[in-house]
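Heads up: the structure comes next, in structure tokens.
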Amino acid sequence: MMIKARRCDFGWLMVGLLMVGPVWAADPVDQEQRYVRAEEQLRAGPPTATAWMDLLDSLYRLDRPVQALAAARTALQWTGVTPELKGYIARALFRSGLLDDAARLIDEIPKDQRKNPTTALVWVRLLHAQGQTENALALTRQLLIDHPDDAELLYEVALLSGHLGRNHEARRYYEQAGAAVAQLSGYPADLISARSAGGSAIFLALGQAQFNAILHTGEAPLVKHPQLNLPVVQVRLNQQETVTMLLDLGGGDRLSLDDELAKKCGVKLLSDAQVSDLSGEGSQVQVGLVGEVQLAGISLQQVPALAYKFDQQQLPGIQGVVGLGIFNRGRVTVDFERAVLHLEISAGREDDPTRPSDDSPLPSGYDQMKVRFIDGYQLLLPVQVQDQLINALIDMGTPLSCFSTQLLSALKKPEDIGDTLLGETPAKVSSSLSFKLGRREFTSDPAVALPFIGGLTSSEIGTQIDLVLGWNALAQMAVLVIDQPAGEVLIKWQQDKSPPTSAPASAPTSQP
């Protein structure tokens with residue numbers, strides 16, 4: 001997932017996650033009719049596993065996770081649940097953000113009965129999110145023998161192959177996924193189509209080289225931008241220009257670059273792409289590949305990038321955005337106390353036999369969290385909201401933490417929720433809501449919800465996201481360590497729990 005910076009009229013800078021291509025926009029009529037038929041059949045009775053699977057699959061293709069979850073929970077109580085139906089229920093749980101529940105249900109299915117594409121795809125994604133990428137790839141390739149034209153399986157093989165540095169296979173399977181997607185009705189057809197086109201171009205250009213390959217580990221100084229109040233780094237591209245870029249703590253495994261800068265520095269531009277930010281606004285960009293990216297003592301090779309026009313009125317002095325995901329093959333530390341970004345080689349996972357020995361004790365004062373990385377780089381942080389454990393993303397450009405409208409509606413009475421505008425973006429607002437990350441508790445007062453957090457964002461990532469952790473949470477961190485190979489995050493909190501007085505502008509007021 002890539003990132004794009006845009007200015008909001010209310011004076012805040014939101015650095016939004018960027019998706020290649022729109023979320024599904026195909027004609028939903030056929031799937032709608034399929035859903036209605038299945039619902040009528042279940043209502044007329046007696047229920048059948050086929051009717052339940054048709055209902056759940058049509059809701060998945062229509063990208064209606066709330067309805068699908070409700071139906072899945074009802075189906076799970078039915079006495080005739082089959083192993084295959086459990087796979088459809090597990091997919092609805094996964095899409096709704098209940099990854100642990102999905103994993104438990106998959107574990108209930110005997111391994112020799114997980115061979116249908118729906119069940120297997122959930123299993124594969126859970127394995128990949130747990131860092132078992134080799135196992136996930138082997139399983140998916142085996143499934144393709146019986147289902148060679150399944151677009152989602154082909155896309156998953158492409159994704160996993162690329163993550164493991166098997167560029168030729170990644171390119172080939174991206175091309176096959178792009179061709180097979182014509183047979184896929186509904187979500188996530190458009191998403192796969194757009195990503196496959198960009199992925200094929202990148203891996204063709206990479207040849208035998210590994211993307212985001214760590215050339216040198218070390219440190220780079222962090223500086224707070226005087227106007228944007230966000231961390232920036234000095235970045236040198238292809239050993240030519242040195243420019244100022246925003247550091248996006250929630251960003252993906254690519255750079256975003258000013259298009260003129262990309263041309264000046266000899267960035268290999270590969271293809272055009274249509275992209276949308278979190279608000280659904282679309283624009284044209286070019287997908288490219290940077291030969292070398294240097295940040296003081298840190299150096300990476302073959303870094304994918306998006307090139308488009310940076311507005312200097314909105315982003316004064318900024319010519320790019322560094323997604324923290326470009327370092328995901330190592331262990332990256334954002335040390336706010338020392339004002340440095342530090343990269344080192346990860347020790348890997350404890351259950352990995354190739355893991356280097358690392359007997360270092362956990363530093364005192366740190367929260368340690370085992371986390372999941374969806375698509376290989378997108379970090380999901382577990383956050384406690386009342387009695388629920390939800391998925392959260394980091395977006396350091398958002399001044400306050402924002403919820404999904406789905407979560408706000410579940411926790412607040414309708415009469416307690418009002419409407420407001422964040423710039424030109426409609427939002428919901430209510431009274432204060434608390435959440436807990438590790439040992440630190442936060443209160444959002446008021447609680448603001450943005451519709452695209454539970455909509456476009458969740459569709460793009462493939463699982464429900466209910467909270468974006470903004471600057472009010474990140475500013476309380478003294479040190480943030482993200483170790484993708486080890487599947488863990490460490491956070492050292494500042495001693496003072498109160499938010500900094502220099503935080504961006506005050507929260508919006510309700511306009512009921």
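If you're wondering about the labels, chains in the structure tokens are A, B, ... by order shown, residues count from 1 in each chain, ligands from 1 in order shown.
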Next item on the list: Enumerate, as a VMD selection string, the complete set of residues in range 171-397 of chain A that a backbone-based DSSP assignment places in helix (DSSP H, G or I).
Entry: chain A and resid 171 to 183 189 to 206 259 to 264 324 to 327
Please produce a file of the residues just selected, as a CSV table (one decimal), in the first residue's frame, where the atoms kept are N, CA and C atoms.
```csv
chain,number,residue,atom,x,y,z
A,171,ARG,N,6.1,-11.8,-11.3
A,171,ARG,CA,5.7,-11.2,-12.6
A,171,ARG,C,4.7,-12.1,-13.3
A,172,ARG,N,5.1,-13.3,-13.5
A,172,ARG,CA,4.2,-14.2,-14.2
A,172,ARG,C,2.8,-14.4,-13.6
A,173,TYR,N,2.8,-14.5,-12.3
A,173,TYR,CA,1.5,-14.7,-11.6
A,173,TYR,C,0.7,-13.4,-11.6
A,174,TYR,N,1.3,-12.3,-11.5
A,174,TYR,CA,0.6,-11.0,-11.6
A,174,TYR,C,-0.1,-10.9,-12.9
A,175,GLU,N,0.6,-11.3,-14.0
A,175,GLU,CA,0.0,-11.3,-15.3
A,175,GLU,C,-1.1,-12.2,-15.4
A,176,GLN,N,-1.0,-13.4,-14.9
A,176,GLN,CA,-2.1,-14.4,-14.9
A,176,GLN,C,-3.3,-13.9,-14.1
A,177,ALA,N,-3.0,-13.3,-13.0
A,177,ALA,CA,-4.1,-12.8,-12.1
A,177,ALA,C,-4.8,-11.7,-12.9
A,178,GLY,N,-4.1,-10.8,-13.5
A,178,GLY,CA,-4.7,-9.8,-14.3
A,178,GLY,C,-5.6,-10.3,-15.4
A,179,ALA,N,-5.2,-11.4,-16.0
A,179,ALA,CA,-6.0,-12.0,-17.1
A,179,ALA,C,-7.2,-12.7,-16.5
A,180,ALA,N,-7.0,-13.5,-15.4
A,180,ALA,CA,-8.1,-14.3,-14.8
A,180,ALA,C,-9.2,-13.5,-14.1
A,181,VAL,N,-8.8,-12.2,-13.8
A,181,VAL,CA,-9.8,-11.4,-13.0
A,181,VAL,C,-11.0,-11.1,-13.8
A,182,ALA,N,-11.0,-11.2,-15.1
A,182,ALA,CA,-12.2,-11.0,-15.9
A,182,ALA,C,-13.3,-12.0,-15.6
A,183,GLN,N,-12.9,-13.1,-15.0
A,183,GLN,CA,-13.9,-14.2,-14.7
A,183,GLN,C,-14.4,-14.0,-13.2
A,189,ALA,N,-12.3,-7.6,-7.6
A,189,ALA,CA,-11.8,-7.7,-9.0
A,189,ALA,C,-11.0,-6.5,-9.4
A,190,ASP,N,-11.5,-5.3,-9.2
A,190,ASP,CA,-10.8,-4.1,-9.7
A,190,ASP,C,-9.5,-3.9,-9.0
A,191,LEU,N,-9.5,-4.3,-7.7
A,191,LEU,CA,-8.3,-4.1,-6.9
A,191,LEU,C,-7.2,-5.0,-7.4
A,192,ILE,N,-7.5,-6.3,-7.6
A,192,ILE,CA,-6.5,-7.2,-8.1
A,192,ILE,C,-6.0,-6.8,-9.5
A,193,SER,N,-7.0,-6.4,-10.4
A,193,SER,CA,-6.6,-6.0,-11.7
A,193,SER,C,-5.6,-4.8,-11.7
A,194,ALA,N,-5.8,-3.8,-10.9
A,194,ALA,CA,-4.9,-2.6,-10.8
A,194,ALA,C,-3.6,-3.0,-10.2
A,195,ARG,N,-3.6,-3.8,-9.1
A,195,ARG,CA,-2.4,-4.1,-8.5
A,195,ARG,C,-1.5,-5.1,-9.3
A,196,SER,N,-2.2,-5.9,-10.1
A,196,SER,CA,-1.5,-6.9,-10.9
A,196,SER,C,-0.7,-6.2,-12.0
A,197,ALA,N,-1.3,-5.1,-12.6
A,197,ALA,CA,-0.7,-4.4,-13.6
A,197,ALA,C,0.6,-3.7,-13.1
A,198,GLY,N,0.5,-3.0,-12.0
A,198,GLY,CA,1.6,-2.4,-11.4
A,198,GLY,C,2.7,-3.4,-10.9
A,199,GLY,N,2.2,-4.5,-10.3
A,199,GLY,CA,3.2,-5.5,-9.8
A,199,GLY,C,4.0,-6.1,-10.9
A,200,SER,N,3.3,-6.4,-12.0
A,200,SER,CA,4.0,-7.0,-13.2
A,200,SER,C,5.1,-6.1,-13.7
A,201,ALA,N,4.8,-4.8,-13.8
A,201,ALA,CA,5.8,-3.9,-14.3
A,201,ALA,C,7.0,-3.8,-13.4
A,202,ILE,N,6.8,-3.7,-12.1
A,202,ILE,CA,7.8,-3.6,-11.1
A,202,ILE,C,8.7,-4.8,-11.1
A,203,PHE,N,8.2,-6.0,-11.1
A,203,PHE,CA,9.0,-7.2,-11.0
A,203,PHE,C,9.7,-7.5,-12.3
A,204,LEU,N,9.1,-7.1,-13.4
A,204,LEU,CA,9.8,-7.2,-14.7
A,204,LEU,C,11.1,-6.3,-14.7
A,205,ALA,N,10.9,-5.1,-14.2
A,205,ALA,CA,12.1,-4.2,-14.1
A,205,ALA,C,13.1,-4.7,-13.1
A,206,LEU,N,12.7,-5.3,-12.0
A,206,LEU,CA,13.6,-5.8,-11.0
A,206,LEU,C,14.6,-6.9,-11.5
A,259,ASP,N,7.1,14.3,-9.3
A,259,ASP,CA,7.4,13.7,-10.6
A,259,ASP,C,8.6,14.4,-11.3
A,260,GLU,N,8.8,15.7,-11.0
A,260,GLU,CA,10.0,16.4,-11.6
A,260,GLU,C,11.3,15.9,-10.9
A,261,LEU,N,11.2,15.6,-9.7
A,261,LEU,CA,12.4,15.1,-9.0
A,261,LEU,C,12.7,13.7,-9.5
A,262,ALA,N,11.7,12.9,-9.7
A,262,ALA,CA,11.9,11.5,-10.2
A,262,ALA,C,12.7,11.6,-11.6
A,263,LYS,N,12.2,12.5,-12.5
A,263,LYS,CA,12.9,12.6,-13.7
A,263,LYS,C,14.4,13.0,-13.6
A,264,LYS,N,14.6,14.0,-12.7
A,264,LYS,CA,15.9,14.6,-12.5
A,264,LYS,C,16.9,13.6,-11.9
A,324,LEU,N,7.3,3.8,5.9
A,324,LEU,CA,8.1,3.1,6.9
A,324,LEU,C,8.2,1.6,6.4
A,325,GLY,N,7.3,1.2,5.6
A,325,GLY,CA,7.3,-0.2,5.1
A,325,GLY,C,8.5,-0.5,4.2
A,326,ILE,N,9.2,0.5,3.6
A,326,ILE,CA,10.3,0.2,2.8
A,326,ILE,C,11.5,-0.5,3.6
A,327,PHE,N,11.4,-0.4,4.9
A,327,PHE,CA,12.4,-1.0,5.8
A,327,PHE,C,12.0,-2.3,6.3
```
Next item on the list: Give me, please, the distance in Å between CA of Val66 in chain A and CA of Val124 in chain A, quoted to one decimal.
Entry: 22.8 Å
Notebook entry, point to check: If we count only C-alpha atoms, what is near Arg37 in chain A at a cut-off of 9 Å, once residues fewer than 3 positions away on the same chain are taken out, given as a PyMOL selection string?
Noted result: chain A and resi 32-34+40-42+51+54-55
Check: Could you pull the residues within 7 Å of range 329-343 of chain A, counting only C-alpha atoms, minus those fewer than 4 positions along the same chain, as a ChimeraX atom specification?
Finding: /A:217-223,298,478-485
Check: Please, what distance in Å, to one decimal, runs between CA of Glu134 in chain A and CA of Glu156 in chain A?
Finding: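 Straight-line distance from CA of Glu134 in chain A to CA of Glu156 in chain A works out to 12.3 Å.
Among the candidates A:Asp248, A:Asp311, A:Asp149, A:Asp100, the one nearest to Val232 in chain A when counting only C-alpha atoms is A:Asp248.
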Checklist line | Pick from A:Ser431, A:Gln130, A:Thr398, A:Thr425, whichever lies nearest to Tyr377 in chain A using only C-alpha atoms | finding: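 Using only C-alpha atoms, the shortest distance to Tyr377 in chain A belongs to A:Gln130.
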